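Undergrad: You'll find input12.cif just under this line, and it carries mmCIF, C-alpha atoms.
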```
data_query
#
loop_
_atom_site.label_atom_id
_atom_site.label_comp_id
_atom_site.auth_asym_id
_atom_site.auth_seq_id
_atom_site.Cartn_x
_atom_site.Cartn_y
_atom_site.Cartn_z
CA MET T 750 -18.07 -22.36 0.88
CA SER T 751 -16.13 -25.09 2.72
CA ARG T 752 -12.78 -24.07 1.20
CA VAL T 753 -13.20 -20.33 1.64
CA ARG T 754 -10.45 -19.20 3.98
CA LEU T 755 -10.68 -15.74 5.51
CA TRP T 756 -8.38 -14.90 8.38
CA VAL T 757 -9.86 -12.24 10.64
CA LEU T 758 -7.40 -11.69 13.44
CA VAL T 759 -9.63 -9.56 15.66
CA ALA T 760 -13.22 -8.48 15.19
CA ALA T 761 -13.34 -5.66 12.66
CA ALA T 762 -14.96 -3.23 15.04
CA VAL T 763 -12.23 -3.56 17.68
CA TRP T 764 -9.65 -0.78 17.58
CA SER T 765 -7.27 0.67 20.13
CA PRO T 766 -5.28 3.93 20.29
CA ALA T 767 -2.22 1.97 19.19
CA ALA T 768 -4.14 0.62 16.23
CA VAL T 769 -4.91 4.14 15.07
CA ALA T 770 -1.20 4.93 15.00
CA GLY T 771 0.25 1.64 13.83
CA GLY T 772 -2.50 -0.01 11.85
CA PRO T 773 -5.73 -1.93 12.39
CA LYS T 774 -6.03 -4.71 14.92
CA ALA T 775 -8.21 -6.53 12.40
CA VAL T 776 -6.48 -7.61 9.20
CA ALA T 777 -7.81 -9.96 6.55
CA VAL T 778 -5.98 -11.89 3.88
CA VAL T 779 -7.44 -14.19 1.28
CA ASP T 780 -6.00 -17.32 -0.33
CA ARG T 781 -4.98 -16.52 -3.94
CA ALA T 782 -5.28 -20.23 -4.73
CA LEU T 783 -9.04 -19.70 -4.80
CA TRP T 784 -8.59 -17.73 -8.04
CA PRO T 785 -8.79 -20.58 -10.60
CA HIS T 786 -6.99 -18.89 -13.50
CA PRO T 787 -3.24 -18.44 -14.04
CA LEU T 788 -1.40 -15.15 -13.85
CA ALA T 789 0.92 -15.87 -16.76
CA ASN T 790 0.50 -12.86 -19.07
CA ALA T 791 -0.92 -9.36 -19.31
CA LYS T 792 -4.38 -10.61 -20.25
CA ASP T 793 -4.45 -12.79 -17.14
CA PHE T 794 -3.56 -9.76 -15.03
CA ASP T 795 -6.42 -7.74 -16.51
CA ARG T 796 -8.95 -10.54 -16.05
CA ALA T 797 -8.01 -10.89 -12.39
CA SER T 798 -7.87 -7.10 -11.96
CA LEU T 799 -11.37 -6.69 -13.37
CA ALA T 800 -12.67 -9.28 -10.94
CA GLU T 801 -10.92 -7.70 -7.94
CA ASN T 802 -12.21 -4.24 -8.83
CA THR T 803 -15.72 -5.61 -9.21
CA ALA T 804 -15.72 -7.33 -5.82
CA PHE T 805 -14.15 -4.31 -4.14
CA ALA T 806 -16.50 -1.85 -5.82
CA GLN T 807 -19.60 -3.80 -4.83
CA VAL T 808 -18.55 -3.89 -1.18
CA PHE T 809 -17.43 -0.24 -1.28
CA LEU T 810 -20.76 0.94 -2.70
CA GLU T 811 -22.69 -1.14 -0.18
CA GLN T 812 -20.76 0.22 2.80
CA VAL T 813 -20.90 3.82 1.63
CA ARG T 814 -24.65 3.51 1.13
CA ALA T 815 -25.06 1.92 4.56
CA TYR T 816 -23.15 4.80 6.13
CA ASP T 817 -25.23 7.39 4.27
CA GLU T 818 -28.39 5.67 5.54
CA GLY T 819 -27.14 5.62 9.12
CA LYS T 820 -26.81 1.83 9.17
CA LEU T 821 -23.01 1.69 9.54
CA GLU T 822 -21.08 2.91 12.58
CA LEU T 823 -17.41 3.77 12.12
CA SER T 824 -16.52 3.76 15.83
CA VAL T 825 -14.97 7.22 15.80
CA LYS T 826 -15.81 10.08 18.13
CA GLU T 827 -16.50 12.47 15.29
CA ALA T 828 -16.43 11.44 11.64
CA GLN T 829 -14.71 13.97 9.38
CA LYS T 830 -17.40 14.23 6.71
CA ALA T 831 -15.33 16.32 4.33
CA SER T 832 -12.52 13.75 4.41
CA LEU T 833 -14.96 10.91 3.88
CA ALA T 834 -16.46 12.69 0.88
CA ARG T 835 -13.03 13.38 -0.56
CA TRP T 836 -11.92 9.76 -0.07
CA ARG T 837 -15.15 8.46 -1.60
CA SER T 838 -14.71 10.65 -4.67
CA GLN T 839 -11.09 9.56 -5.07
CA VAL T 840 -11.98 5.87 -4.79
CA GLU T 841 -14.85 6.15 -7.27
CA ASP T 842 -12.51 7.74 -9.80
CA GLU T 843 -9.96 4.97 -9.28
CA ILE T 844 -12.56 2.22 -9.67
CA VAL T 845 -13.77 3.71 -12.95
CA ARG T 846 -10.20 4.08 -14.20
CA ASN T 847 -9.22 0.56 -13.19
CA LEU T 848 -12.34 -1.15 -14.54
CA THR T 849 -11.81 0.64 -17.85
CA ALA T 850 -8.15 -0.38 -18.07
CA ALA T 851 -8.82 -3.97 -17.04
CA SER T 852 -11.72 -4.50 -19.43
CA ARG T 853 -9.68 -3.06 -22.30
CA GLY T 854 -6.97 -5.67 -21.90
CA CYS T 855 -9.08 -8.56 -20.70
CA GLY T 856 -10.62 -9.82 -23.95
CA GLN T 857 -14.11 -10.94 -24.87
CA GLU T 858 -14.77 -13.82 -22.49
CA SER T 859 -17.71 -13.67 -20.11
CA LEU T 860 -15.64 -12.48 -17.15
CA CYS T 861 -14.46 -9.48 -19.16
CA THR T 862 -17.55 -8.13 -20.91
CA LEU T 863 -18.93 -5.17 -18.99
CA VAL T 864 -22.57 -4.27 -19.52
CA ASP T 865 -21.74 -0.59 -20.08
CA LYS T 866 -18.85 1.84 -20.08
CA PRO T 867 -17.82 2.47 -16.45
CA THR T 868 -18.55 6.02 -15.34
CA ARG T 869 -19.47 7.42 -11.98
CA LYS T 870 -23.10 7.53 -13.10
CA SER T 871 -23.16 3.96 -14.42
CA LEU T 872 -20.82 2.44 -11.81
CA ALA T 873 -23.45 0.78 -9.63
CA THR T 874 -25.14 -0.85 -12.62
CA VAL T 875 -21.90 -1.99 -14.23
CA VAL T 876 -20.61 -3.47 -10.99
CA ALA T 877 -23.89 -5.21 -10.15
CA GLU T 878 -24.03 -6.95 -13.55
CA GLU T 879 -20.39 -8.03 -13.46
CA ALA T 880 -20.82 -9.27 -9.88
CA LYS T 881 -23.65 -11.53 -11.04
CA VAL T 882 -21.32 -13.13 -13.56
CA LEU T 883 -18.55 -13.61 -11.02
CA GLY T 884 -20.94 -14.96 -8.42
CA LYS T 885 -22.27 -17.50 -10.89
CA GLU T 886 -19.01 -18.59 -12.52
CA LEU T 887 -16.64 -18.28 -9.55
CA PRO T 888 -18.84 -18.49 -6.44
CA GLU T 889 -16.14 -19.69 -4.06
CA TRP T 890 -13.61 -17.06 -5.09
CA PHE T 891 -16.23 -14.31 -5.12
CA ALA T 892 -17.44 -15.10 -1.59
CA ALA T 893 -13.87 -14.99 -0.28
CA ALA T 894 -13.12 -11.77 -2.17
CA ARG T 895 -16.21 -10.07 -0.75
CA ALA T 896 -15.23 -11.13 2.76
CA PHE T 897 -11.73 -9.75 2.27
CA TYR T 898 -12.99 -6.43 0.91
CA THR T 899 -15.63 -6.09 3.60
CA LEU T 900 -12.83 -5.80 6.13
CA TYR T 901 -10.47 -3.89 3.83
CA VAL T 902 -13.05 -1.20 2.97
CA ALA T 903 -13.82 -0.83 6.67
CA GLU T 904 -10.10 -0.24 7.35
CA GLN T 905 -9.89 2.41 4.64
CA MET T 906 -13.18 4.08 5.48
CA ARG T 907 -12.28 4.47 9.13
CA LEU T 908 -8.93 6.09 8.25
CA ALA T 909 -10.83 8.53 6.03
CA ALA T 910 -13.31 9.28 8.82
CA LEU T 911 -10.43 10.11 11.17
CA PHE T 912 -8.36 12.20 8.75
CA PRO T 913 -6.76 14.59 9.59
CA LYS T 914 -7.15 13.67 13.30
CA PRO T 915 -4.78 11.89 12.85
CA THR T 916 -3.38 12.07 9.36
CA SER T 917 -2.51 8.82 7.59
CA GLU T 918 -1.73 7.50 4.12
CA ILE T 919 -5.42 7.58 3.16
CA LEU T 920 -5.38 11.18 1.82
CA LYS T 921 -2.79 13.77 0.83
CA LEU T 922 -2.06 17.07 2.50
CA SER T 923 -0.36 18.39 -0.64
CA ASP T 924 -0.55 17.56 -4.33
CA LYS T 925 3.20 16.97 -4.23
CA GLU T 926 2.93 14.14 -1.71
CA LEU T 927 3.28 10.73 -3.33
CA GLN T 928 0.68 8.08 -2.58
CA GLY T 929 1.05 5.68 -5.52
CA GLY T 930 -1.92 6.61 -7.65
CA GLU T 931 0.26 9.03 -9.62
CA PHE T 932 2.19 6.21 -11.33
CA PRO T 933 1.44 4.79 -14.79
CA ASP T 934 -0.82 1.78 -15.07
CA LYS T 935 0.79 -1.41 -13.71
CA ALA T 936 3.78 0.46 -12.23
CA PHE T 937 4.77 -0.09 -8.60
CA LEU T 938 7.47 1.06 -6.20
CA LEU T 939 8.89 -1.10 -3.41
CA THR T 940 9.58 0.68 -0.12
CA PHE T 941 10.96 -0.55 3.20
CA ASP T 942 10.73 1.15 6.60
CA ASP T 943 12.46 1.00 9.99
CA GLY T 944 15.92 -0.30 9.02
CA PRO T 945 18.68 -0.90 8.64
CA THR T 946 19.10 -4.16 10.50
CA SER T 947 22.44 -5.26 11.90
CA GLU T 948 25.10 -6.31 9.41
CA GLY T 949 24.13 -9.51 7.63
CA GLY T 950 20.45 -9.12 8.56
CA GLU T 951 17.30 -8.59 6.53
CA THR T 952 18.38 -5.28 5.03
CA ASP T 953 21.48 -6.89 3.53
CA LYS T 954 19.51 -9.86 2.21
CA LEU T 955 16.75 -7.70 0.71
CA THR T 956 19.04 -5.22 -1.01
CA GLU T 957 21.02 -8.07 -2.57
CA LEU T 958 17.89 -9.98 -3.64
CA LEU T 959 16.48 -6.91 -5.37
CA ARG T 960 19.80 -6.08 -7.04
CA GLU T 961 19.89 -9.60 -8.47
CA LYS T 962 16.40 -9.02 -9.88
CA GLY T 963 17.34 -5.61 -11.31
CA ILE T 964 14.87 -3.78 -9.04
CA SER T 965 15.59 -0.66 -7.01
CA ALA T 966 13.74 0.19 -3.83
CA ASP T 967 13.44 3.06 -1.36
CA PHE T 968 14.73 2.29 2.14
CA PHE T 969 13.44 4.72 4.77
CA ALA T 970 15.97 4.53 7.58
CA LEU T 971 15.77 5.43 11.22
CA TYR T 972 18.66 7.48 12.55
CA PRO T 973 19.86 5.21 15.41
CA PRO T 974 20.33 1.94 13.46
CA LEU T 975 21.78 3.80 10.48
CA LEU T 976 24.32 5.57 12.69
CA HIS T 977 25.14 2.27 14.40
CA ARG T 978 25.95 0.61 11.09
CA LEU T 979 27.94 3.60 9.91
CA ASP T 980 30.06 3.43 13.07
CA LYS T 981 30.52 -0.33 12.67
CA GLN T 982 31.10 -0.57 8.91
CA GLY T 983 32.09 2.88 7.76
CA LYS T 984 30.82 4.67 4.71
CA THR T 985 32.19 2.13 2.22
CA GLY T 986 30.16 -0.67 3.74
CA LEU T 987 26.92 1.29 3.67
CA VAL T 988 27.48 2.55 0.13
CA ALA T 989 27.79 -1.11 -0.87
CA LEU T 990 24.69 -2.02 1.14
CA TYR T 991 22.45 0.51 -0.62
CA ARG T 992 24.06 0.29 -4.05
CA GLN T 993 21.40 0.66 -6.80
CA HIS T 994 18.81 1.53 -4.16
CA CYS T 995 17.74 4.78 -2.49
CA LEU T 996 18.29 5.69 1.14
CA ALA T 997 15.75 8.10 2.62
CA VAL T 998 14.46 9.52 5.89
CA HIS T 999 12.16 7.89 8.44
CA GLY T 1000 13.30 10.11 11.32
CA LYS T 1001 15.23 9.93 14.57
CA GLU T 1002 12.35 8.33 16.46
CA HIS T 1003 9.63 5.99 15.30
CA LYS T 1004 6.91 8.22 16.67
CA PRO T 1005 4.19 10.36 15.09
CA HIS T 1006 6.12 13.49 14.16
CA PRO T 1007 3.27 16.01 14.63
CA SER T 1008 3.54 15.32 18.37
CA LEU T 1009 7.33 15.74 18.43
CA GLU T 1010 8.60 19.18 19.41
CA THR T 1011 11.87 18.24 17.71
CA TRP T 1012 10.35 17.05 14.43
CA LYS T 1013 12.46 19.47 12.38
CA GLU T 1014 15.68 18.18 13.93
CA SER T 1015 14.46 14.63 13.40
CA LEU T 1016 14.22 15.27 9.67
CA THR T 1017 17.32 17.41 9.19
CA ASP T 1018 19.61 15.28 11.37
CA THR T 1019 18.53 12.07 9.66
CA GLN T 1020 18.93 13.68 6.24
CA ALA T 1021 22.44 14.85 7.21
CA LEU T 1022 23.28 11.27 8.17
CA VAL T 1023 21.85 9.95 4.90
CA THR T 1024 23.97 12.49 3.03
CA ARG T 1025 27.06 11.33 4.93
CA VAL T 1026 26.36 7.79 3.78
CA VAL T 1027 25.33 8.14 0.14
CA GLY T 1028 25.93 11.79 -0.71
CA GLY T 1029 23.39 13.95 -2.47
CA LYS T 1030 21.75 17.26 -1.68
CA ASP T 1031 19.61 18.46 1.19
CA ALA T 1032 16.29 17.50 -0.41
CA ILE T 1033 14.45 15.32 2.12
CA THR T 1034 12.54 12.24 0.96
CA PHE T 1035 10.46 11.50 4.05
CA ARG T 1036 8.27 8.57 5.01
CA PRO T 1037 6.39 9.72 8.12
CA PRO T 1038 6.02 7.01 10.78
CA TYR T 1039 2.43 5.73 10.68
CA GLY T 1040 1.82 8.16 7.81
CA GLN T 1041 1.27 10.94 10.35
CA ARG T 1042 2.44 14.42 9.41
CA SER T 1043 1.18 18.00 9.57
CA PRO T 1044 0.85 20.72 6.93
CA GLU T 1045 3.92 22.33 8.51
CA ILE T 1046 5.98 19.15 8.16
CA THR T 1047 4.91 18.60 4.57
CA ALA T 1048 5.65 22.22 3.68
CA PHE T 1049 9.08 22.01 5.32
CA VAL T 1050 9.97 18.85 3.39
CA GLU T 1051 8.81 20.35 0.10
CA ALA T 1052 10.76 23.56 0.77
CA THR T 1053 13.95 21.46 0.75
CA GLY T 1054 13.05 20.22 -2.73
CA GLY T 1055 11.98 16.87 -1.32
CA LYS T 1056 8.77 14.88 -1.03
CA VAL T 1057 6.64 13.11 1.52
CA VAL T 1058 6.25 9.52 0.33
CA LEU T 1059 3.15 7.67 1.54
CA TRP T 1060 1.74 4.41 0.20
CA ASN T 1061 -1.48 2.84 -1.06
CA ILE T 1062 -0.61 -0.84 -0.54
CA ASP T 1063 0.12 -1.83 3.04
CA SER T 1064 1.60 -5.32 3.30
CA GLN T 1065 0.85 -5.53 7.05
CA ASP T 1066 4.08 -7.54 7.28
CA TRP T 1067 4.58 -6.24 10.82
CA HIS T 1068 1.62 -8.26 12.11
CA SER T 1069 2.80 -11.30 14.02
CA LYS T 1070 -0.25 -13.38 13.11
CA ILE T 1071 0.11 -13.02 9.34
CA ALA T 1072 2.50 -15.51 7.77
CA ALA T 1073 4.62 -14.55 4.77
CA PRO T 1074 2.48 -16.48 2.21
CA GLN T 1075 -0.70 -14.80 3.50
CA MET T 1076 0.99 -11.41 3.40
CA GLY T 1077 2.17 -12.08 -0.17
CA ASP T 1078 -1.37 -12.97 -1.23
CA ARG T 1079 -2.65 -9.75 0.31
CA VAL T 1080 -0.10 -7.63 -1.55
CA LEU T 1081 -0.73 -9.33 -4.90
CA THR T 1082 -4.48 -8.92 -4.48
CA LEU T 1083 -4.09 -5.20 -3.78
CA MET T 1084 -1.73 -4.83 -6.74
CA LEU T 1085 -4.45 -6.34 -8.94
CA LEU T 1086 -7.00 -4.02 -7.36
CA TRP T 1087 -5.17 -0.68 -7.53
CA ARG T 1088 -3.11 -1.46 -10.66
CA ARG T 1089 -0.35 0.95 -9.57
CA GLY T 1090 1.14 2.11 -6.35
CA ILE T 1091 3.67 2.29 -3.56
CA ILE T 1092 4.01 -0.90 -1.53
CA LEU T 1093 4.92 -0.63 2.14
CA PHE T 1094 7.18 -3.31 3.62
CA HIS T 1095 9.60 -3.27 6.57
CA ASP T 1096 13.17 -4.48 6.20
CA VAL T 1097 13.31 -5.37 9.90
CA HIS T 1098 11.00 -8.34 9.27
CA GLY T 1099 11.69 -11.42 7.19
CA LYS T 1100 8.35 -11.79 5.45
CA ALA T 1101 9.06 -9.51 2.51
CA ARG T 1102 12.11 -11.53 1.47
CA VAL T 1103 9.99 -14.70 1.49
CA ALA T 1104 7.09 -13.20 -0.48
CA LEU T 1105 8.97 -11.02 -2.98
CA PRO T 1106 10.29 -13.71 -5.35
CA GLY T 1107 6.75 -14.85 -6.09
CA LEU T 1108 5.48 -11.31 -6.54
CA ILE T 1109 8.40 -10.44 -8.81
CA ASP T 1110 7.80 -13.57 -10.90
CA VAL T 1111 4.12 -12.70 -11.42
CA ALA T 1112 5.08 -9.12 -12.26
CA LYS T 1113 7.56 -10.26 -14.91
CA LYS T 1114 4.99 -12.53 -16.57
CA THR T 1115 2.14 -10.04 -16.54
CA GLY T 1116 3.83 -6.83 -17.67
CA VAL T 1117 4.06 -5.11 -14.30
CA THR T 1118 6.94 -2.63 -14.08
CA TRP T 1119 8.90 -1.51 -11.06
CA GLN T 1120 9.51 2.21 -10.63
CA ARG T 1121 13.11 3.28 -10.13
CA CYS T 1122 13.42 4.84 -6.70
CA GLU T 1123 15.57 7.66 -8.01
CA SER T 1124 12.72 8.77 -10.28
CA LEU T 1125 10.69 10.12 -7.35
#
```
Kindly return the structure encoded in the file as structure tokens.
TA:
Amino acid sequence: MSRVRLWVLVAAAVWSPAAVAGGPKAVAVVDRALWPHPLANAKDFDRASLAENTAFAQVFLEQVRAYDEGKLELSVKEAQKASLARWRSQVEDEIVRNLTAASRGCGQESLCTLVDKPTRKSLATVVAEEAKVLGKELPEWFAAARAFYTLYVAEQMRLAALFPKPTSEILKLSDKELQGGEFPDKAFLLTFDDGPTSEGGETDKLTELLREKGISADFFALYPPLLHRLDKQGKTGLVALYRQHCLAVHGKEHKPHPSLETWKESLTDTQALVTRVVGGKDAITFRPPYGQRSPEITAFVEATGGKVVLWNIDSQDWHSKIAAPQMGDRVLTLMLLWRRGIILFHDVHGKARVALPGLIDVAKKTGVTWQRCESL
């Protein structure tokens, strides 16, 4: 256990009102170097994915059982039991799906041979047997993975217990909202919030890096910095900036929109500005700040022909105490876990640009595909 490195920034039980809106005060990342096998082809991806899903599932089942038995406190005033049940059902389905997909492509080695077909009924048994193998063959990695998922499951479970007071990315308000689980296996979308930066900043560097790699991304812009760049550069400059990418709406203010009396103007004014820059119709593609929205907001967006775009992989790149390599390891681990999804970055920080080349290289080797932003 001497080499196991788990970074816990603040005790997992410590949360503040700001943390509810902007993310947990406790974030864990794990060193991918502890995984002793390469990620050089599709089989390698499935072997690692099977292991991640096993470690996650074991911790998930333990924490859910502890909560059911009254042994786990979620530190919320009133747990939303219906939301917790819905989240639990969704996660169980995803574990079964992901274990099945990973075992199918993994091969016949000991790390890949499940004791039974994963189903909801057999899940606990299948996971327990696979965990024994991992604990025996890869004890150092398995201990670190369990520590990571202990904190990660707590993050997710608390969001579910709060939903919809406030809402977050943890659950949908509408079947048309995008969360990431709707994508094909091993397909991911890159998204960036809070930009654009000033000319020559991170937004410029990221859009160019991704163009060079042949990858498109969704950039959810805030009205003030987008208007500032339009005034400084003109439309031609911004068309060039977002060429081969998608420009979408994050709002006029980076605040939870359910509490804004002017939320409708926030969406329509920002969409009008986006249309001025890159053209298009009035359909609003909206990333709600902090994932917070209301049924009224979602219905309004969908009535324009647009979509609310959430995420299921949070890079936590905003956190000042997580370095880019740690953040990259977190994202790759969650890609292996969920096997599909929408990845949340911020183009106002520099960490994504540092981590992305490595993530893109692994994706290319292992058969991961990147969704085209215009396909949403």
Undergrad: Report as a VMD selection string the residues that result from applying the PyMOL selection byres ((chain T and resi 935-938) around 6) to the structure here.
TA: chain T and resid 933 to 934 939 1088 to 1091 1117 to 1120
Undergrad: Convert the output of the PyMOL selection byres ((chain T and resi 1050) around 10) on the shown file into explicit residues, formatted as a short mmCIF file (atom, residue, chain, number, x, y, z; two decimals) with C-alpha atoms, in the frame of the given file.
TA:
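Writing done, so here's out23.cif:
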```cif
data_model
loop_
_atom_site.label_atom_id
_atom_site.label_comp_id
_atom_site.auth_asym_id
_atom_site.auth_seq_id
_atom_site.Cartn_x
_atom_site.Cartn_y
_atom_site.Cartn_z
CA GLU T 926 2.93 14.14 -1.71
CA LYS T 1013 12.46 19.47 12.38
CA LEU T 1016 14.22 15.27 9.67
CA THR T 1017 17.32 17.41 9.19
CA ASP T 1031 19.61 18.46 1.19
CA ALA T 1032 16.29 17.50 -0.41
CA ILE T 1033 14.45 15.32 2.12
CA THR T 1034 12.54 12.24 0.96
CA PHE T 1035 10.46 11.50 4.05
CA PRO T 1044 0.85 20.72 6.93
CA GLU T 1045 3.92 22.33 8.51
CA ILE T 1046 5.98 19.15 8.16
CA THR T 1047 4.91 18.60 4.57
CA ALA T 1048 5.65 22.22 3.68
CA PHE T 1049 9.08 22.01 5.32
CA GLU T 1051 8.81 20.35 0.10
CA ALA T 1052 10.76 23.56 0.77
CA THR T 1053 13.95 21.46 0.75
CA GLY T 1054 13.05 20.22 -2.73
CA GLY T 1055 11.98 16.87 -1.32
CA LYS T 1056 8.77 14.88 -1.03
CA VAL T 1057 6.64 13.11 1.52
#
```
Undergrad: The residues within 12 Å of (29.4, 3.0, 9.5), using all atoms listed in the file and the coordinates of the file, should be reported as an NGL selection string; which are they?
TA: :T and (945 or 947-948 or 973-990 or 1022-1023 or 1025-1027)
Undergrad: Could you give me, as a list of chain:residue names, the residues within 12 Å of Gln857 of chain T, counting only C-alpha atoms and dropping anything in the same chain fewer than 4 positions from it?
TA: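 Counting only C-alpha atoms, the residues come to T:Lys792, T:Asp795, T:Arg796, T:Ala851, T:Ser852, T:Arg853, T:Cys861, T:Thr862, T:Leu863.
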Undergrad: Please list as a PyMOL selection string every residue within 12 Å of Asp1063 of chain T, counting only C-alpha atoms and excluding residues in the same chain fewer than 3 positions away.
TA: chain T and resi 771-773+776-778+901+904-905+917-919+928-929+939-942+1039-1040+1059-1060+1066-1068+1076-1077+1079-1084+1087+1090-1095+1101
Undergrad: Can you find the residues with an atom no farther than 8 Å from (-12.5, -6.2, 6.2), counting all atoms listed in the file, and report them as a PyMOL selection string?
TA: chain T and resi 757+761+775-777+896-904
Undergrad: Expand the PyMOL selection byres ((chain T and resi 783) around 8) into the explicit residue set it covers here, and present it as a list in words.
TA: Val753, Asp780, Arg781, Ala782, Trp784, Pro785, Glu889 and Trp890 of chain T
Undergrad: Taking 4 positions as the minimum chain separation for residues in the same chain, which residues sit within 12 Å of Tyr991 of chain T when counting only C-alpha atoms? Answer as an mmCIF file with C-alpha atoms, in the frame of the given file.
TA:
```cif
data_model
loop_
_atom_site.group_PDB
_atom_site.id
_atom_site.type_symbol
_atom_site.label_atom_id
_atom_site.label_comp_id
_atom_site.auth_asym_id
_atom_site.auth_seq_id
_atom_site.Cartn_x
_atom_site.Cartn_y
_atom_site.Cartn_z
ATOM 1 C CA GLY T 944 15.920 -0.300 9.020
ATOM 2 C CA PRO T 945 18.680 -0.900 8.640
ATOM 3 C CA THR T 952 18.380 -5.280 5.030
ATOM 4 C CA ASP T 953 21.480 -6.890 3.530
ATOM 5 C CA LYS T 954 19.510 -9.860 2.210
ATOM 6 C CA LEU T 955 16.750 -7.700 0.710
ATOM 7 C CA THR T 956 19.040 -5.220 -1.010
ATOM 8 C CA GLU T 957 21.020 -8.070 -2.570
ATOM 9 C CA LEU T 958 17.890 -9.980 -3.640
ATOM 10 C CA LEU T 959 16.480 -6.910 -5.370
ATOM 11 C CA ARG T 960 19.800 -6.080 -7.040
ATOM 12 C CA SER T 965 15.590 -0.660 -7.010
ATOM 13 C CA ALA T 966 13.740 0.190 -3.830
ATOM 14 C CA ASP T 967 13.440 3.060 -1.360
ATOM 15 C CA PHE T 968 14.730 2.290 2.140
ATOM 16 C CA PHE T 969 13.440 4.720 4.770
ATOM 17 C CA ALA T 970 15.970 4.530 7.580
ATOM 18 C CA LEU T 975 21.780 3.800 10.480
ATOM 19 C CA LYS T 984 30.820 4.670 4.710
ATOM 20 C CA THR T 985 32.190 2.130 2.220
ATOM 21 C CA GLY T 986 30.160 -0.670 3.740
ATOM 22 C CA LEU T 987 26.920 1.290 3.670
ATOM 23 C CA CYS T 995 17.740 4.780 -2.490
ATOM 24 C CA LEU T 996 18.290 5.690 1.140
ATOM 25 C CA ALA T 997 15.750 8.100 2.620
ATOM 26 C CA VAL T 1023 21.850 9.950 4.900
ATOM 27 C CA VAL T 1026 26.360 7.790 3.780
ATOM 28 C CA VAL T 1027 25.330 8.140 0.140
ATOM 29 C CA GLY T 1028 25.930 11.790 -0.710
ATOM 30 C CA CYS T 1122 13.420 4.840 -6.700
#
```
Undergrad: Need to verify the contact set: Arg869 of chain T, 7 Å, only C-alpha atoms, exclusion of same-chain residues closer than 2 positions in sequence. Can you return it as a list of chain:residue names?
TA: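 After dropping sequence-adjacent residues, the list is T:Glu841, T:Val845, T:Pro867, T:Ser871, T:Leu872.
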Undergrad: What does the distance between atom CA of Thr849 of chain T and atom CA of Thr868 of chain T come to in Å, to one decimal place?
TA: 9.0 Å
Undergrad: Separation of atom CA of Ser1069 of chain T and atom CA of Gly1099 of chain T, in Å?
TA: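 Interatomic distance, atom CA of Ser1069 of chain T to atom CA of Gly1099 of chain T: 11.2 Å.
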Undergrad: Have a look at atom CA of Thr874 of chain T and atom CA of Ala893 of chain T and let me know their distance in Å, one decimal.
TA: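 For atom CA of Thr874 of chain T relative to atom CA of Ala893 of chain T, the distance reads 21.9 Å.
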Undergrad: Tell me which of T:His1098, T:His786, T:Arg895, T:Arg1036 sits closest to Glu811 of chain T, counting all atoms listed in the file.
TA: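 Selected residue with least distance to Glu811 of chain T: T:Arg895.
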Undergrad: Hey, which of T:Ala894, T:Leu922, T:Leu911, T:Ala831 ends up closest to Val1058 of chain T? Count only C-alpha atoms.
TA: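 Closest to Val1058 of chain T of all the choices is T:Leu922.
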Undergrad: Go through T:Gln829, T:Thr1011, T:Ser1043, T:Ser824 and flag the residue nearest Ala910 of chain T, using only C-alpha atoms for the distances.
TA: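 Residue with the minimum atom-to-atom distance to Ala910 of chain T: T:Gln829.
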Undergrad: Pick the closest to Trp1012 of chain T from T:Gly854, T:Gln839, T:Phe891, T:Arg1042: which is it, counting all atoms listed in the file?
TA: T:Arg1042
Undergrad: Between T:Val864, T:Val1111, T:Val1097, T:Leu833, which residue has the minimum interatomic distance to Leu920 of chain T, considering only C-alpha atoms?
TA: T:Leu833
